[in-house]
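One structure is given here, and the rest of the page talks about it.
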Amino acid sequence: MARQVQYTFKGTTKIIAFSYDRFVDLYEAVAAAEGIDLRSFLAMEQQVAKTAKDKAAIKNFRQQAFTKMGFSNITFIRDEP
């Protein structure tokens with residue numbers, strides 16, 4: 001089953017193909033589509049994961065960081081039967 005991700009980057013809505021073979025999650029896929037280097041982000045995310053008491057802190061950090069990069073509305077597109 002082919003998966004697609006829809007996202008908005010700096011006001012422009014785009015749709016890309018997604019595969020778990022190439023990407024860990026949809027955030028990594030949209031960053032790759034826009035040519036954004038995530039090395040520093042991933043290092044900081046690991047630090048947050050080590051100090052956070054729950055997974056909500058990691059999710060919140062990820063969403064805020066991608067909002068600062070210019071992304072919004074990052075979602076999987078459901079296939080209609």
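Simple scheme: letters A, B, ... for chains in structure tokens order, numbers from 1 for residues in each chain, numbers from 1 for ligands in the order shown.
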
Residues at most 12 Å from Asp25 (chain A), counting only C-alpha atoms, excluding those fewer than 2 positions away in the same chain, as a PyMOL selection string?
chain A and resi 3-5+18-23+27-32+62+74-76

For region 42-52 of chain A, list every protein, DNA or RNA residue within 12 Å, evaluated using only C-alpha atoms, and leave out those in the same chain fewer than 3 positions away; present the list as number ranges by chain.
A: 24, 27-28, 31, 37-39, 55-66

Could you pull out the strand (DSSP E or B) residues of region 15-80 of chain A from DSSP and send them as an MDAnalysis selection string?
chainID A and resid 15:18 71:77

Identify all residues of chain A in alpha helix (DSSP H) (DSSP on the backbone) and supply them as a PyMOL selection string.
chain A and resi 26-34+39-51+55-69

Written file, previous selection with N, CA and C atoms, as an mmCIF file, in the first residue's frame:
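To be explicit, this is the file written out as out-v4.cif:
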```
data_model
loop_
_atom_site.group_PDB
_atom_site.id
_atom_site.type_symbol
_atom_site.label_atom_id
_atom_site.label_comp_id
_atom_site.auth_asym_id
_atom_site.auth_seq_id
_atom_site.Cartn_x
_atom_site.Cartn_y
_atom_site.Cartn_z
ATOM 1 N N LEU A 26 7.193 10.559 9.507
ATOM 2 C CA LEU A 26 6.782 11.519 8.495
ATOM 3 C C LEU A 26 7.500 12.854 8.620
ATOM 4 N N TYR A 27 7.970 13.199 9.808
ATOM 5 C CA TYR A 27 8.728 14.439 9.980
ATOM 6 C C TYR A 27 10.049 14.379 9.218
ATOM 7 N N GLU A 28 10.713 13.244 9.301
ATOM 8 C CA GLU A 28 11.960 13.066 8.571
ATOM 9 C C GLU A 28 11.724 13.123 7.060
ATOM 10 N N ALA A 29 10.609 12.584 6.612
ATOM 11 C CA ALA A 29 10.290 12.582 5.185
ATOM 12 C C ALA A 29 10.051 13.985 4.648
ATOM 13 N N VAL A 30 9.305 14.811 5.380
ATOM 14 C CA VAL A 30 9.034 16.159 4.891
ATOM 15 C C VAL A 30 10.290 17.027 4.925
ATOM 16 N N ALA A 31 11.152 16.815 5.910
ATOM 17 C CA ALA A 31 12.413 17.563 5.959
ATOM 18 C C ALA A 31 13.295 17.189 4.778
ATOM 19 N N ALA A 32 13.352 15.907 4.443
ATOM 20 C CA ALA A 32 14.148 15.463 3.296
ATOM 21 C C ALA A 32 13.588 16.031 1.997
ATOM 22 N N ALA A 33 12.270 16.101 1.879
ATOM 23 C CA ALA A 33 11.646 16.639 0.674
ATOM 24 C C ALA A 33 11.992 18.111 0.472
ATOM 25 N N GLU A 34 12.196 18.824 1.562
ATOM 26 C CA GLU A 34 12.526 20.252 1.474
ATOM 27 C C GLU A 34 14.027 20.509 1.563
ATOM 28 N N ARG A 39 20.441 16.941 11.395
ATOM 29 C CA ARG A 39 21.432 16.424 12.348
ATOM 30 C C ARG A 39 21.364 17.122 13.703
ATOM 31 N N SER A 40 21.337 18.438 13.717
ATOM 32 C CA SER A 40 21.299 19.154 15.002
ATOM 33 C C SER A 40 19.957 18.939 15.702
ATOM 34 N N PHE A 41 18.877 18.881 14.926
ATOM 35 C CA PHE A 41 17.559 18.626 15.502
ATOM 36 C C PHE A 41 17.520 17.251 16.166
ATOM 37 N N LEU A 42 18.039 16.227 15.477
ATOM 38 C CA LEU A 42 18.014 14.867 16.022
ATOM 39 C C LEU A 42 18.868 14.749 17.283
ATOM 40 N N ALA A 43 19.992 15.460 17.325
ATOM 41 C CA ALA A 43 20.838 15.452 18.523
ATOM 42 C C ALA A 43 20.084 16.071 19.703
ATOM 43 N N MET A 44 19.411 17.174 19.468
ATOM 44 C CA MET A 44 18.644 17.822 20.534
ATOM 45 C C MET A 44 17.465 16.959 20.957
ATOM 46 N N GLU A 45 16.827 16.300 19.996
ATOM 47 C CA GLU A 45 15.705 15.424 20.318
ATOM 48 C C GLU A 45 16.152 14.267 21.216
ATOM 49 N N GLN A 46 17.340 13.742 20.979
ATOM 50 C CA GLN A 46 17.880 12.679 21.837
ATOM 51 C C GLN A 46 18.102 13.183 23.256
ATOM 52 N N GLN A 47 18.581 14.411 23.389
ATOM 53 C CA GLN A 47 18.781 14.987 24.718
ATOM 54 C C GLN A 47 17.450 15.170 25.437
ATOM 55 N N VAL A 48 16.437 15.612 24.706
ATOM 56 C CA VAL A 48 15.104 15.765 25.292
ATOM 57 C C VAL A 48 14.575 14.398 25.732
ATOM 58 N N ALA A 49 14.796 13.376 24.915
ATOM 59 C CA ALA A 49 14.325 12.026 25.241
ATOM 60 C C ALA A 49 14.990 11.491 26.507
ATOM 61 N N LYS A 50 16.256 11.817 26.702
ATOM 62 C CA LYS A 50 16.978 11.341 27.889
ATOM 63 C C LYS A 50 16.504 12.019 29.163
ATOM 64 N N THR A 51 16.062 13.262 29.062
ATOM 65 C CA THR A 51 15.670 14.003 30.260
ATOM 66 C C THR A 51 14.158 14.063 30.478
ATOM 67 N N LYS A 55 6.586 10.707 26.980
ATOM 68 C CA LYS A 55 6.734 10.860 25.526
ATOM 69 C C LYS A 55 6.066 12.121 25.007
ATOM 70 N N ALA A 56 5.184 12.703 25.777
ATOM 71 C CA ALA A 56 4.505 13.929 25.347
ATOM 72 C C ALA A 56 5.507 15.070 25.183
ATOM 73 N N ALA A 57 6.539 15.098 26.014
ATOM 74 C CA ALA A 57 7.559 16.149 25.910
ATOM 75 C C ALA A 57 8.322 16.034 24.594
ATOM 76 N N ILE A 58 8.606 14.822 24.165
ATOM 77 C CA ILE A 58 9.322 14.606 22.906
ATOM 78 C C ILE A 58 8.445 15.026 21.734
ATOM 79 N N LYS A 59 7.193 14.634 21.767
ATOM 80 C CA LYS A 59 6.254 14.997 20.702
ATOM 81 C C LYS A 59 6.084 16.515 20.630
ATOM 82 N N ASN A 60 5.963 17.151 21.777
ATOM 83 C CA ASN A 60 5.810 18.598 21.829
ATOM 84 C C ASN A 60 7.055 19.295 21.272
ATOM 85 N N PHE A 61 8.243 18.810 21.631
ATOM 86 C CA PHE A 61 9.488 19.382 21.108
ATOM 87 C C PHE A 61 9.535 19.258 19.590
ATOM 88 N N ARG A 62 9.197 18.095 19.067
ATOM 89 C CA ARG A 62 9.226 17.852 17.629
ATOM 90 C C ARG A 62 8.263 18.795 16.899
ATOM 91 N N GLN A 63 7.048 18.917 17.396
ATOM 92 C CA GLN A 63 6.060 19.776 16.742
ATOM 93 C C GLN A 63 6.487 21.240 16.769
ATOM 94 N N GLN A 64 7.020 21.699 17.887
ATOM 95 C CA GLN A 64 7.458 23.090 17.976
ATOM 96 C C GLN A 64 8.654 23.362 17.070
ATOM 97 N N ALA A 65 9.595 22.432 17.004
ATOM 98 C CA ALA A 65 10.776 22.612 16.158
ATOM 99 C C ALA A 65 10.384 22.675 14.684
ATOM 100 N N PHE A 66 9.479 21.824 14.257
ATOM 101 C CA PHE A 66 9.072 21.836 12.851
ATOM 102 C C PHE A 66 8.213 23.054 12.526
ATOM 103 N N THR A 67 7.474 23.555 13.483
ATOM 104 C CA THR A 67 6.729 24.793 13.273
ATOM 105 C C THR A 67 7.700 25.951 13.068
ATOM 106 N N LYS A 68 8.784 25.985 13.839
ATOM 107 C CA LYS A 68 9.796 27.031 13.678
ATOM 108 C C LYS A 68 10.502 26.933 12.327
ATOM 109 N N MET A 69 10.632 25.718 11.799
ATOM 110 C CA MET A 69 11.257 25.524 10.485
ATOM 111 C C MET A 69 10.338 25.964 9.340
#
```

For a test of reading the model, state the distance in Å between CA of Gly11 (chain A) and CA of Ser72 (chain A), rounded to one decimal.
8.6 Å
